[in-house]
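Shown next, in structure tokens, is the structure this report addresses.
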Amino acid sequence: MAKVAKVAKKAKLDRDGLTALGLERLIEIALDEAALNTSFKKRLNAALAGISGAAGVAKLIDSRLAALERSSTRIRWQKERAFGNDLDSISASIVKEFGAVDPGMALERLVRFVCGYDGIAERVNDSSGRIAGIYVQACEAAARLALLMPADQQARIPALLTPGLQGMDYHGVKTLLAVRIAAALSPDVLKSWDETLAAAMKIPAGTTFLPAIVYVRRAIADARGDLDAYVAIEESLPEPLREPAVIAERLHAAGRFAEALIWVRKPRKSRIGFARRAEILSDDLKPLPDRDRLEAAILDGLKDRAGSQALRWKIFEQGLDAGMLREYIAKAGDFEEFEALDRAFAFVEHSREPHAALRFYLAWPRLDLAARYVVARWGVWEGEFYEFLLPAAEAFETDYPAAATALYRALLDRIIGRGLSEAYGEGADYLARLSALAKRPGGNEGLMAHADYVAELRRQHIRRHGFWDRIPPETYRSQ
């Protein structure tokens, strides 16, 4: 029997693969890449400087940071990629080369690097967000460096960050840096820092945006696990800047239901929404809690079942919210469920918002009721709501052809009525589906006959040549 040759395992680009490649070969590749890639060359120089200790790498990093801070030249789009690579190289050198030698000194340089973002943002059109992303990653790395520092060294950190928190931080990078580092500091350092920030937190009347200091003080309260401090910070804000539902949610989670109820019922003053780029790139943006749902949960915590159920029913009625009705039913007592369902479906049936009612039936789901509802109100459907009418029509096709017909007609009426030439292909497909549905038993039950519908459609829109040219003549000539 012939021996089968053993296939060598393919080496991967990982530690084992590079080890197998050998030191001499790696040196050759590194030197070749350094000759072609300036950023890579600078990274290698930083690593070599680290061999002689912190002083050597500090001198090299400081030189690069100083050059970055001095420059004011606008970066043209052709050089944005190389510029981003250089920034990434600086950050990586600080974190990996300097951080391995002296985390404290490395963190000081990383703070300096991040605090220079405003100047960088003025020099480059970072439409892709890649450069901002480098600074966001540097903020995350700063927190890891802070964790490596002993408490006595951590005490120096707040003084590095506080100057950058004065006023508004429009990009949010310096705020994110402080928030991330706060999560890594010791309780004593955080206590002292918060006292400093509290003394500096002055919010002028008429301010519409939260100052950076507020975000950091909140992060400090979270890091210390001090809910009372978090609430006190909120109470110190002008009323238009407060987020009562956020405080209510936190108090509810802590089981402090009576306080939570007071906060959830406080009005929230409307203000201009403002999302900083760093918040978006770091996924720090969180939607505000649903106040009504939260209040119902708080009332449950207070054992006020009648109040919470009344609120759930109110929410259901306001938006025909299928999820809220499920919550209501789940909280209903024995034998109340069936009466509540009958009352709910009767309310939906007589709703003045047919599209909301249809959404409810589809979400529950009750396709049978939805189909009957669609046919009974065949003239009210607006093709503008195609994002849910089309899936509904497709869902109806198998067992409820008349309902599918009513919705496909609404979708087609919108396309041809508005002359949406870019959608004529979809319109032709809808007409083909309508022709197929018309041939099925009950396909037009309760509706205008298919032939009459097509004839009327052509009579009203005969000048839509771009559409009718897509339709086989026998589709309408035989009508």
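Going by the structure tokens order, chains are called A, B, ..., each with residues numbered from 1, while ligands are numbered from 1 in the order shown.
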
Checklist line | Contact residues around Gly129 in chain A with only C-alpha atoms at 10 Å, ignoring same-chain residues under 4 positions, as a count of residues only | finding: 6

Inset, instruction - Using DSSP on the backbone, list every residue of range 209-254 of chain A that comes out as alpha helix (DSSP H), and give them as a ChimeraX atom specification. - result: /A:212-224,227-236,244-253

Non-local contacts of Ser91 in chain A (9 Å; only C-alpha atoms; under 2 positions in same chain excluded) as a PyMOL selection string: chain A and resi 86-89+93-96+110+113+134-135+137-138

Restricted to C-alpha atoms, what would the selected residues look like written as a compact mmCIF listing (two decimals), in the first residue's frame?
# COMPACT_ATOMS: atom_id res chain seq x y z
CA ASP A 86 1.67 57.81 12.57
CA LEU A 87 -0.80 58.68 15.33
CA ASP A 88 -1.50 55.00 15.88
CA SER A 89 2.24 54.37 16.10
CA SER A 93 4.63 53.09 21.42
CA ILE A 94 3.42 54.82 24.58
CA VAL A 95 1.18 51.94 25.64
CA LYS A 96 3.27 48.93 24.67
CA LEU A 110 -0.84 59.14 26.91
CA PHE A 113 -1.42 62.65 23.56
CA ILE A 134 -7.40 56.00 17.59
CA TYR A 135 -7.94 58.49 20.40
CA GLN A 137 -8.69 53.40 21.89
CA ALA A 138 -6.02 55.45 23.66

Env of range 437-443 of chain A: 12 Å cut, atoms = only C-alpha atoms, seq-sep filter 3 positions within chain, self excluded. Answer as a tab-separated table (two decimals) with C-alpha atoms, in the first residue's frame.
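Okay, selection37.tsv is ready:
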chain	number	residue	atom	x	y	z
A	375	VAL	CA	-60.07	43.67	4.04
A	393	ALA	CA	-48.72	41.31	2.54
A	394	GLU	CA	-46.15	38.55	2.14
A	396	PHE	CA	-50.93	37.00	4.21
A	397	GLU	CA	-50.27	35.42	0.79
A	398	THR	CA	-50.51	31.78	1.88
A	399	ASP	CA	-53.73	31.74	3.90
A	400	TYR	CA	-55.34	35.16	3.44
A	401	PRO	CA	-55.08	36.13	-0.25
A	402	ALA	CA	-57.69	38.91	-0.08
A	403	ALA	CA	-55.77	40.71	2.66
A	404	ALA	CA	-52.56	40.32	0.68
A	405	THR	CA	-54.36	41.77	-2.36
A	406	ALA	CA	-55.53	44.83	-0.42
A	407	LEU	CA	-52.00	45.63	0.76
A	408	TYR	CA	-50.25	44.97	-2.57
A	409	ARG	CA	-52.75	47.33	-4.19
A	430	TYR	CA	-46.73	43.68	-7.16
A	431	LEU	CA	-49.03	43.65	-10.19
A	432	ALA	CA	-47.82	40.15	-11.09
A	433	ARG	CA	-48.55	39.00	-7.54
A	434	LEU	CA	-51.99	40.57	-7.71
A	446	GLY	CA	-64.67	41.78	-0.34
A	447	LEU	CA	-62.63	43.80	-2.84
A	448	MET	CA	-62.96	45.25	-6.32
A	449	ALA	CA	-62.50	42.59	-8.99
A	450	HIS	CA	-58.94	42.34	-10.27
A	451	ALA	CA	-59.89	43.19	-13.86
A	452	ASP	CA	-61.75	46.30	-12.73
A	453	TYR	CA	-58.84	47.35	-10.52
A	454	VAL	CA	-56.30	47.08	-13.36

Inset, instruction - Pick out the closest residue to Asp226 in chain A from this set: A:Ala254, A:Ala155, A:Ala245, A:Ala58. Count only C-alpha atoms. - result: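 Under the stated criterion, the closest residue is A:Ala254.
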
- Query: If you count only C-alpha atoms, which residues fall within 12 Å of range 464-469 of chain A, apart from same-chain ones fewer than 6 positions away, as a PyMOL selection string?
  - Reply: chain A and resi 412-413+415-431+454+457-458+475-477

Residues as selected, N, CA and C atoms, written as a PDB file, in the first residue's frame, can you do that?
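Result went into part-v6.pdb, see below:
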ATOM      1  N   LEU A 412     -48.796  49.341  -4.675  1.00  0.00           N
ATOM      2  CA  LEU A 412     -48.718  49.678  -6.090  1.00  0.00           C
ATOM      3  C   LEU A 412     -49.306  51.065  -6.356  1.00  0.00           C
ATOM      4  N   ASP A 413     -50.401  51.400  -5.690  1.00  0.00           N
ATOM      5  CA  ASP A 413     -51.023  52.720  -5.876  1.00  0.00           C
ATOM      6  C   ASP A 413     -50.039  53.831  -5.544  1.00  0.00           C
ATOM      7  N   ILE A 415     -46.706  53.728  -5.707  1.00  0.00           N
ATOM      8  CA  ILE A 415     -45.615  53.798  -6.694  1.00  0.00           C
ATOM      9  C   ILE A 415     -46.075  54.459  -7.983  1.00  0.00           C
ATOM     10  N   ILE A 416     -47.188  53.984  -8.528  1.00  0.00           N
ATOM     11  CA  ILE A 416     -47.623  54.512  -9.817  1.00  0.00           C
ATOM     12  C   ILE A 416     -48.301  55.873  -9.657  1.00  0.00           C
ATOM     13  N   GLY A 417     -48.979  56.077  -8.521  1.00  0.00           N
ATOM     14  CA  GLY A 417     -49.643  57.358  -8.296  1.00  0.00           C
ATOM     15  C   GLY A 417     -48.651  58.498  -8.165  1.00  0.00           C
ATOM     16  N   ARG A 418     -47.514  58.234  -7.567  1.00  0.00           N
ATOM     17  CA  ARG A 418     -46.501  59.272  -7.384  1.00  0.00           C
ATOM     18  C   ARG A 418     -45.471  59.282  -8.498  1.00  0.00           C
ATOM     19  N   GLY A 419     -45.567  58.338  -9.390  1.00  0.00           N
ATOM     20  CA  GLY A 419     -44.599  58.285 -10.474  1.00  0.00           C
ATOM     21  C   GLY A 419     -43.196  57.986  -9.986  1.00  0.00           C
ATOM     22  N   LEU A 420     -43.081  57.053  -9.049  1.00  0.00           N
ATOM     23  CA  LEU A 420     -41.766  56.713  -8.494  1.00  0.00           C
ATOM     24  C   LEU A 420     -41.046  55.763  -9.439  1.00  0.00           C
ATOM     25  N   SER A 421     -40.428  56.342 -10.465  1.00  0.00           N
ATOM     26  CA  SER A 421     -39.856  55.534 -11.542  1.00  0.00           C
ATOM     27  C   SER A 421     -38.804  54.551 -11.038  1.00  0.00           C
ATOM     28  N   GLU A 422     -38.061  54.930  -9.968  1.00  0.00           N
ATOM     29  CA  GLU A 422     -37.030  54.027  -9.457  1.00  0.00           C
ATOM     30  C   GLU A 422     -37.641  52.781  -8.826  1.00  0.00           C
ATOM     31  N   ALA A 423     -38.955  52.824  -8.538  1.00  0.00           N
ATOM     32  CA  ALA A 423     -39.622  51.674  -7.915  1.00  0.00           C
ATOM     33  C   ALA A 423     -40.559  50.962  -8.890  1.00  0.00           C
ATOM     34  N   TYR A 424     -40.497  51.308 -10.175  1.00  0.00           N
ATOM     35  CA  TYR A 424     -41.403  50.673 -11.138  1.00  0.00           C
ATOM     36  C   TYR A 424     -41.179  49.165 -11.220  1.00  0.00           C
ATOM     37  N   GLY A 425     -39.944  48.711 -11.007  1.00  0.00           N
ATOM     38  CA  GLY A 425     -39.681  47.270 -11.016  1.00  0.00           C
ATOM     39  C   GLY A 425     -40.447  46.561  -9.917  1.00  0.00           C
ATOM     40  N   GLU A 426     -40.436  47.142  -8.698  1.00  0.00           N
ATOM     41  CA  GLU A 426     -41.202  46.565  -7.600  1.00  0.00           C
ATOM     42  C   GLU A 426     -42.695  46.626  -7.903  1.00  0.00           C
ATOM     43  N   GLY A 427     -43.129  47.730  -8.519  1.00  0.00           N
ATOM     44  CA  GLY A 427     -44.541  47.861  -8.867  1.00  0.00           C
ATOM     45  C   GLY A 427     -44.984  46.781  -9.837  1.00  0.00           C
ATOM     46  N   ALA A 428     -44.152  46.500 -10.824  1.00  0.00           N
ATOM     47  CA  ALA A 428     -44.480  45.435 -11.783  1.00  0.00           C
ATOM     48  C   ALA A 428     -44.586  44.087 -11.082  1.00  0.00           C
ATOM     49  N   ASP A 429     -43.714  43.883 -10.091  1.00  0.00           N
ATOM     50  CA  ASP A 429     -43.768  42.632  -9.322  1.00  0.00           C
ATOM     51  C   ASP A 429     -45.062  42.557  -8.517  1.00  0.00           C
ATOM     52  N   TYR A 430     -45.486  43.682  -7.921  1.00  0.00           N
ATOM     53  CA  TYR A 430     -46.735  43.681  -7.163  1.00  0.00           C
ATOM     54  C   TYR A 430     -47.918  43.355  -8.063  1.00  0.00           C
ATOM     55  N   LEU A 431     -47.913  43.913  -9.275  1.00  0.00           N
ATOM     56  CA  LEU A 431     -49.026  43.648 -10.189  1.00  0.00           C
ATOM     57  C   LEU A 431     -49.051  42.171 -10.588  1.00  0.00           C
ATOM     58  N   VAL A 454     -57.344  46.784 -12.372  1.00  0.00           N
ATOM     59  CA  VAL A 454     -56.298  47.075 -13.361  1.00  0.00           C
ATOM     60  C   VAL A 454     -56.795  48.103 -14.381  1.00  0.00           C
ATOM     61  N   LEU A 457     -56.737  51.456 -12.755  1.00  0.00           N
ATOM     62  CA  LEU A 457     -55.353  51.888 -12.565  1.00  0.00           C
ATOM     63  C   LEU A 457     -54.792  52.436 -13.875  1.00  0.00           C
ATOM     64  N   ARG A 458     -55.107  51.740 -14.979  1.00  0.00           N
ATOM     65  CA  ARG A 458     -54.591  52.197 -16.280  1.00  0.00           C
ATOM     66  C   ARG A 458     -55.300  53.471 -16.722  1.00  0.00           C
ATOM     67  N   THR A 475     -51.795  41.719 -19.910  1.00  0.00           N
ATOM     68  CA  THR A 475     -52.205  41.907 -18.514  1.00  0.00           C
ATOM     69  C   THR A 475     -53.339  42.901 -18.407  1.00  0.00           C
ATOM     70  N   TYR A 476     -53.346  43.940 -19.280  1.00  0.00           N
ATOM     71  CA  TYR A 476     -54.399  44.929 -19.180  1.00  0.00           C
ATOM     72  C   TYR A 476     -55.318  44.952 -20.405  1.00  0.00           C
ATOM     73  N   ARG A 477     -54.881  44.457 -21.562  1.00  0.00           N
ATOM     74  CA  ARG A 477     -55.735  44.494 -22.740  1.00  0.00           C
ATOM     75  C   ARG A 477     -56.870  43.500 -22.645  1.00  0.00           C
TER      76      ARG A 477
END

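Note that CA of Glu195 in chain A and CA of Asp228 in chain A are 14.9 Å apart.
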
Requested in this report: Please measure the separation of CA of Gly301 in chain A and CA of Arg326 in chain A, giving the value in Å to one decimal.
Outcome: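 CA of Arg326 in chain A lies at a distance of 18.7 Å from CA of Gly301 in chain A.
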
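Note that CA of Ala260 in chain A and CA of Ala248 in chain A are 4.3 Å apart.
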